[in-house]
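Okay, upload.cif is below, mmCIF, C-alpha atoms:
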```cif
data_run
loop_
_atom_site.label_atom_id
_atom_site.label_comp_id
_atom_site.auth_asym_id
_atom_site.auth_seq_id
_atom_site.Cartn_x
_atom_site.Cartn_y
_atom_site.Cartn_z
CA MET A 942 0.00 0.00 0.00
CA ASN A 943 1.43 3.32 -1.07
CA ILE A 944 1.05 6.02 1.58
CA ASN A 945 1.18 8.79 -1.05
CA PHE A 946 -1.92 7.39 -2.71
CA MET A 947 -3.93 7.45 0.53
CA ILE A 948 -2.79 11.03 1.31
CA ALA A 949 -3.91 11.99 -2.21
CA VAL A 950 -7.36 10.45 -1.73
CA GLY A 951 -7.81 12.20 1.63
CA SER A 952 -6.73 15.53 0.12
CA ILE A 953 -9.16 15.12 -2.78
CA LEU A 954 -12.04 14.46 -0.36
CA PHE A 955 -11.03 17.50 1.73
CA LEU A 956 -10.82 19.60 -1.46
CA ILE A 957 -14.31 18.53 -2.58
CA GLY A 958 -15.59 19.53 0.88
CA ILE A 959 -13.97 22.98 0.61
CA LEU A 960 -15.46 23.51 -2.85
CA GLY A 961 -18.90 22.51 -1.56
CA VAL A 962 -18.70 24.99 1.33
CA LEU A 963 -17.55 27.79 -0.95
CA LEU A 964 -19.78 27.25 -3.97
CA ARG A 965 -23.14 25.91 -2.75
CA ARG A 966 -25.88 28.06 -1.21
CA ASN A 967 -27.98 25.34 0.43
CA LEU A 968 -27.29 25.14 4.18
CA ILE A 969 -27.86 21.36 4.34
CA ILE A 970 -25.36 20.69 1.54
CA ILE A 971 -22.80 22.94 3.27
CA LEU A 972 -23.12 20.81 6.42
CA MET A 973 -22.70 17.64 4.33
CA SER A 974 -19.54 19.14 2.81
CA ILE A 975 -18.17 19.63 6.32
CA GLU A 976 -18.81 15.92 6.93
CA LEU A 977 -16.85 15.17 3.74
CA MET A 978 -13.91 17.22 5.02
CA LEU A 979 -13.95 15.36 8.35
CA ASN A 980 -13.94 12.05 6.46
CA GLY A 981 -10.91 13.12 4.43
CA VAL A 982 -9.03 13.90 7.65
CA ASN A 983 -10.10 10.56 9.14
CA LEU A 984 -8.76 8.74 6.09
CA ASN A 985 -5.34 10.32 6.64
CA PHE A 986 -5.38 9.31 10.33
CA ILE A 987 -6.23 5.69 9.48
CA ALA A 988 -3.71 5.48 6.63
CA PHE A 989 -0.86 6.72 8.84
CA ALA A 990 -1.94 4.43 11.69
CA ASP A 991 -1.64 1.50 9.29
CA TYR A 992 1.64 2.79 7.83
CA LEU A 993 3.38 3.38 11.16
CA GLY A 994 1.81 0.45 12.98
CA ASP A 995 0.63 2.83 15.69
CA VAL A 996 -2.88 2.57 17.11
CA LYS A 997 -3.09 6.22 18.26
CA GLY A 998 -4.24 7.38 14.82
CA GLN A 999 -7.29 5.13 15.02
CA ILE A 1000 -8.12 6.53 18.48
CA PHE A 1001 -8.00 10.09 17.18
CA ALA A 1002 -10.22 9.09 14.27
CA LEU A 1003 -12.74 7.75 16.82
CA PHE A 1004 -12.73 11.13 18.60
CA VAL A 1005 -13.21 12.91 15.25
CA ILE A 1006 -16.31 10.76 14.65
CA ALA A 1007 -17.67 11.67 18.12
CA VAL A 1008 -17.17 15.40 17.41
CA ALA A 1009 -18.91 14.98 14.04
CA VAL A 1010 -21.95 13.46 15.78
CA ALA A 1011 -22.11 16.37 18.24
CA GLU A 1012 -21.77 18.86 15.38
CA ALA A 1013 -24.61 17.25 13.42
CA ALA A 1014 -26.91 17.29 16.47
CA VAL A 1015 -26.24 20.97 17.27
CA ALA A 1016 -26.69 21.87 13.58
CA PHE A 1017 -30.07 20.10 13.70
CA GLY A 1018 -31.20 22.25 16.65
CA LEU A 1019 -29.90 25.45 15.07
CA ILE A 1020 -31.65 24.76 11.76
CA ILE A 1021 -34.96 24.03 13.51
CA ALA A 1022 -34.64 27.25 15.55
CA PHE A 1023 -33.76 29.21 12.40
CA MET A 1024 -36.63 27.79 10.38
CA ARG A 1025 -39.08 28.97 13.07
CA ASN A 1026 -38.04 32.56 12.41
CA LYS A 1027 -37.27 32.69 8.69
CA ASP A 1028 -38.80 30.44 6.08
CA THR A 1029 -35.69 29.67 4.07
CA PHE A 1030 -32.38 27.90 4.23
CA ASN A 1031 -30.49 29.83 1.62
CA ILE A 1032 -27.37 31.17 3.32
CA ASP A 1033 -27.55 34.42 1.33
CA ASP A 1034 -30.68 35.31 3.34
CA MET A 1035 -29.02 34.74 6.71
CA THR A 1036 -27.93 38.34 7.14
CA LEU A 1037 -29.41 39.17 10.55
CA MET A 1038 -25.93 39.79 11.93
CA LYS A 1039 -24.83 41.53 8.70
CA GLY A 1040 -22.51 38.68 7.84
CA MET B 168 -2.26 -6.04 -9.17
CA ASP B 169 -3.41 -8.26 -6.33
CA LEU B 170 -6.89 -8.31 -4.85
CA TYR B 171 -5.96 -6.08 -1.90
CA SER B 172 -4.72 -3.21 -4.07
CA PHE B 173 -7.67 -3.69 -6.40
CA PHE B 174 -10.18 -3.18 -3.56
CA ILE B 175 -8.29 -0.14 -2.22
CA TYR B 176 -8.27 1.50 -5.66
CA LEU B 177 -11.92 0.57 -6.24
CA PHE B 178 -13.15 2.01 -2.92
CA SER B 179 -11.03 5.16 -3.35
CA PHE B 180 -12.40 5.76 -6.85
CA MET B 181 -15.98 5.17 -5.66
CA SER B 182 -15.64 7.52 -2.68
CA ILE B 183 -14.26 10.34 -4.84
CA VAL B 184 -16.92 9.94 -7.54
CA PHE B 185 -19.77 9.86 -5.00
CA ALA B 186 -18.28 12.86 -3.15
CA ILE B 187 -18.32 14.85 -6.38
CA PHE B 188 -21.98 13.87 -6.83
CA VAL B 189 -22.72 15.11 -3.26
CA ILE B 190 -21.84 18.69 -4.11
CA ALA B 191 -22.95 18.54 -7.75
CA VAL B 192 -26.60 17.39 -7.66
CA LYS B 193 -29.39 19.90 -7.10
CA ASN B 194 -31.77 17.94 -4.87
CA ALA B 195 -30.76 17.82 -1.19
CA VAL B 196 -32.22 14.31 -0.69
CA HIS B 197 -30.13 12.93 -3.56
CA SER B 198 -27.12 14.67 -2.04
CA ALA B 199 -27.73 12.89 1.28
CA ILE B 200 -28.07 9.51 -0.46
CA PHE B 201 -24.77 10.06 -2.31
CA LEU B 202 -23.14 11.04 1.00
CA ILE B 203 -24.26 7.68 2.44
CA PHE B 204 -22.58 5.91 -0.50
CA THR B 205 -19.41 7.97 0.03
CA ILE B 206 -19.33 7.02 3.71
CA LEU B 207 -19.81 3.32 2.91
CA SER B 208 -16.92 3.45 0.42
CA ILE B 209 -14.69 5.12 3.02
CA ALA B 210 -15.69 2.38 5.48
CA GLY B 211 -14.47 -0.13 2.89
CA ILE B 212 -11.09 1.65 2.79
CA PHE B 213 -10.99 1.48 6.61
CA PHE B 214 -11.55 -2.29 6.48
CA MET B 215 -8.68 -2.59 4.00
CA LEU B 216 -6.36 -0.53 6.26
CA ASN B 217 -6.59 -2.81 9.33
CA ALA B 218 -9.17 -0.61 11.08
CA GLU B 219 -12.08 -3.01 11.35
CA PHE B 220 -13.57 -1.39 14.47
CA LEU B 221 -13.56 2.07 12.90
CA GLY B 222 -15.07 0.71 9.71
CA ALA B 223 -17.94 -0.74 11.74
CA VAL B 224 -18.29 2.53 13.69
CA GLN B 225 -18.27 4.43 10.41
CA ILE B 226 -21.15 2.34 9.06
CA LEU B 227 -23.16 2.34 12.32
CA VAL B 228 -22.65 5.94 13.44
CA TYR B 229 -22.21 7.80 10.17
CA ALA B 230 -24.43 5.93 7.73
CA GLY B 231 -26.91 4.94 10.43
CA GLY B 232 -26.94 7.91 12.80
CA ILE B 233 -25.70 11.13 11.28
CA MET B 234 -27.34 10.57 7.91
CA VAL B 235 -30.68 9.87 9.61
CA ILE B 236 -30.30 13.24 11.37
CA TYR B 237 -29.66 14.94 8.01
CA LEU B 238 -32.62 13.20 6.38
CA PHE B 239 -34.80 14.29 9.33
CA ILE B 240 -33.69 17.88 8.80
CA ILE B 241 -34.59 17.63 5.11
CA PHE B 242 -37.97 16.07 5.85
CA LEU B 243 -38.91 18.50 8.63
CA ILE B 244 -38.33 21.66 6.66
CA LYS B 245 -39.96 22.63 3.43
CA LEU B 246 -37.76 21.39 0.62
CA GLU B 247 -37.37 24.14 -1.92
CA GLU B 248 -35.05 24.89 -4.76
CA VAL B 249 -32.51 27.32 -3.39
CA GLY B 250 -32.18 29.91 -6.10
CA GLY B 251 -31.26 33.51 -5.61
CA LYS B 252 -28.37 35.44 -6.93
CA ARG B 253 -25.20 33.71 -7.97
CA ARG B 254 -22.00 33.77 -5.98
CA ASN B 255 -19.75 36.72 -6.72
CA ALA B 256 -16.56 36.32 -8.72
CA PHE B 257 -14.30 36.60 -5.67
CA LEU B 258 -15.42 33.25 -4.30
CA TYR B 259 -14.84 31.58 -7.66
CA ILE B 260 -11.30 33.02 -7.79
CA VAL B 261 -10.55 31.87 -4.23
CA SER B 262 -11.89 28.36 -4.85
CA SER B 263 -9.96 28.07 -8.13
CA LEU B 264 -6.76 29.02 -6.28
CA ILE B 265 -7.41 26.39 -3.58
CA LEU B 266 -8.19 23.83 -6.30
CA LEU B 267 -4.92 24.56 -8.12
CA LEU B 268 -2.86 24.41 -4.91
CA VAL B 269 -4.26 21.12 -3.69
CA ALA B 270 -4.23 19.59 -7.19
CA GLY B 271 -0.55 20.52 -7.53
CA GLU B 272 0.18 18.93 -4.16
CA ILE B 273 -1.65 15.75 -5.13
CA VAL B 274 0.18 15.45 -8.47
CA TYR B 275 3.49 16.01 -6.68
CA LEU B 276 2.63 13.30 -4.12
CA LEU B 277 1.66 10.79 -6.78
CA ILE B 278 4.76 11.44 -8.91
CA LYS B 279 7.37 11.54 -6.14
CA ARG B 280 7.04 8.06 -4.57
CA ALA B 281 9.83 8.68 -2.05
CA SER B 282 10.57 6.30 0.79
CA TYR B 283 10.24 8.16 4.07
CA PRO B 284 12.49 7.21 6.99
CA PHE B 285 9.60 6.08 9.16
CA PRO B 286 10.01 3.12 11.51
CA ALA B 287 8.75 -0.20 10.26
CA PRO B 288 5.39 -1.32 11.66
CA THR B 289 6.05 -3.17 14.86
CA LYS B 290 2.78 -3.45 16.75
CA VAL B 291 -0.20 -5.26 15.34
CA LEU B 292 -3.34 -3.18 14.83
CA ASP B 293 -5.88 -5.56 16.29
CA LEU B 294 -8.91 -4.72 18.38
CA LYS B 295 -7.24 -5.80 21.64
CA THR B 296 -4.41 -3.27 21.27
CA PHE B 297 -6.92 -0.59 20.26
CA SER B 298 -9.13 -1.09 23.33
CA ASP B 299 -6.11 -1.38 25.63
CA VAL B 300 -4.65 1.95 24.50
CA LEU B 301 -8.06 3.64 24.40
CA LEU B 302 -9.21 2.60 27.86
CA LYS B 303 -5.83 2.88 29.62
CA ASN B 304 -3.89 5.78 28.11
CA TYR B 305 -6.77 7.80 26.63
CA VAL B 306 -9.51 7.28 29.20
CA ILE B 307 -9.84 11.00 30.12
CA PRO B 308 -10.41 12.14 26.49
CA PHE B 309 -12.87 9.23 26.19
CA GLU B 310 -14.90 10.52 29.15
CA LEU B 311 -14.65 14.10 27.84
CA ALA B 312 -16.14 12.88 24.54
CA SER B 313 -19.16 11.58 26.47
CA LEU B 314 -19.44 14.99 28.19
CA LEU B 315 -19.33 16.66 24.77
CA LEU B 316 -22.08 14.38 23.48
CA ILE B 317 -24.39 15.00 26.45
CA GLY B 318 -23.75 18.75 26.14
CA ALA B 319 -24.67 18.62 22.47
CA MET B 320 -27.84 16.69 23.32
CA ILE B 321 -28.95 19.24 25.94
CA ALA B 322 -28.16 22.11 23.57
CA THR B 323 -30.20 20.52 20.79
CA ILE B 324 -33.22 19.97 23.05
CA TYR B 325 -32.96 23.58 24.26
CA LEU B 326 -32.68 25.02 20.76
CA ALA B 327 -35.40 22.91 19.13
CA ARG B 328 -38.02 23.05 21.90
CA LYS B 329 -41.40 24.66 21.36
CA ARG B 330 -41.29 28.19 22.70
CA THR B 331 -44.46 29.23 24.51
#
```
How does the structure come out when it is put into structure tokens?
Amino acid sequence: MNINFMIAVGSILFLIGILGVLLRRNLIIILMSIELMLNGVNLNFIAFADYLGDVKGQIFALFVIAVAVAEAAVAFGLIIAFMRNKDTFNIDDMTLMKG
Amino acid sequence: MDLYSFFIYLFSFMSIVFAIFVIAVKNAVHSAIFLIFTILSIAGIFFMLNAEFLGAVQILVYAGGIMVIYLFIIFLIKLEEVGGKRRNAFLYIVSSLILLLVAGEIVYLLIKRASYPFPAPTKVLDLKTFSDVLLKNYVIPFELASLLLIGAMIATIYLARKRT
């Protein structure tokens, strides 16, 4: 197994996530792109854990998955609270704080 | 090419193609379905890289838990075509620059094929070693992760409750 190939695959997944965050306007798809970026990072952790024979990379990948679950749950609550006030989920309309 | 390399290349190709579909399709439900396929392909790569426990966690937690949350979000709110004005040119320039940088890095990585002076793999990556290191050396971060999860749960209930 070539380590360069796995780093390349993880970088491509991270790159696709960045492009999704920058180019899409749908809030749900932006959150899914963040999940893609986390998966690209996880792939690098697992590949280096296998390459170095060290189990710490897998443990950090487990913590990354736990943080992704917490992020998805909080995003769920925020979207529900936002949809009560404004009837859209286009991020160009989320300008209450002049962002 | 042996069977092992064939499956690694197959799962990598599938994950990249499905990830492109995630940000390319218009419908948010189709995007979520393609994200499930991406996650299953990445779980296949995990199985190939001696991380059987994390592959199982990836299937159970990601494809079974997080994606159900996303599908609930899509079903609870009114699904509409998000139109509006297009992104300005600045964002396209920035994303093209990032694309060029990372693509250059990836091409460099795939061409170079250097041998790094890393130590040879000594320990075996089985589930026993994993649970030993996790529950002996990393038990405090493990408990903090449970605190983080219960905090996220309380925050979600507070944010999504019916205000009277």
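Residues matched by the PyMOL selection byres ((chain A and resi 950) around 9) in this structure: Asn945, Phe946, Met947, Ile948, Ala949, Gly951, Ser952, Ile953, Leu954, Phe955, Gly981, Leu984 and Asn985 of chain A; Ser179, Phe180, Ser182, Ile183 and Ile273 of chain B.
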Running the PyMOL selection byres ((chain A and resi 1000-1015) around 9) on this model by hand, what would come out? Give it as number ranges by chain.
A: 972, 976, 979-980, 982-984, 986-987, 996-999, 1016-1020; B: 221, 224-225, 228-229, 232-233, 236-237, 297, 300-301, 305, 308-309, 312-313, 315-320, 322-323, 326
Chain and number of each residue from the PyMOL selection byres ((chain B and resi 193-201) around 10), as a PyMOL selection string:
(chain A and resi 965+967-970+973) or (chain B and resi 182+184-192+202-207+230+234-235+237-238+241-242+246-249)
Please give the centre and size of the box around stretch 209-216 of chain B (axis-aligned, containing every atom listed in the file, 6 Å added per side), with values in Å to one decimal and written as lines of an AutoDock Vina configuration file.
```
center_x = -11.0
center_y = 1.3
center_z = 4.7
size_x = 21.3
size_y = 19.7
size_z = 15.8
```
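Between atom CA of B:Val306 and atom CA of B:Ala218 the interatomic distance comes to 19.8 Å.
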Given only C-alpha atoms as the counted atoms, nearest of A:Asn1026, A:Gly961, A:Met978, A:Phe989 to chain B
A:Gly961
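Separating atom CA of A:Leu977 from atom CA of A:Leu960 is a distance of 10.7 Å.
Taking all atoms listed in the file into account, chain A lies nearest to B:Leu277 out of the set B:Leu277, B:Leu177, B:Ala223, B:Ser208.
Between atom CA of B:Ala270 and atom CA of A:Leu993 the separation is 25.6 Å.
Across B:Leu170, B:Leu216, B:Leu227, B:Leu264, the tightest approach to chain A is made by B:Leu216 when counting all atoms listed in the file.
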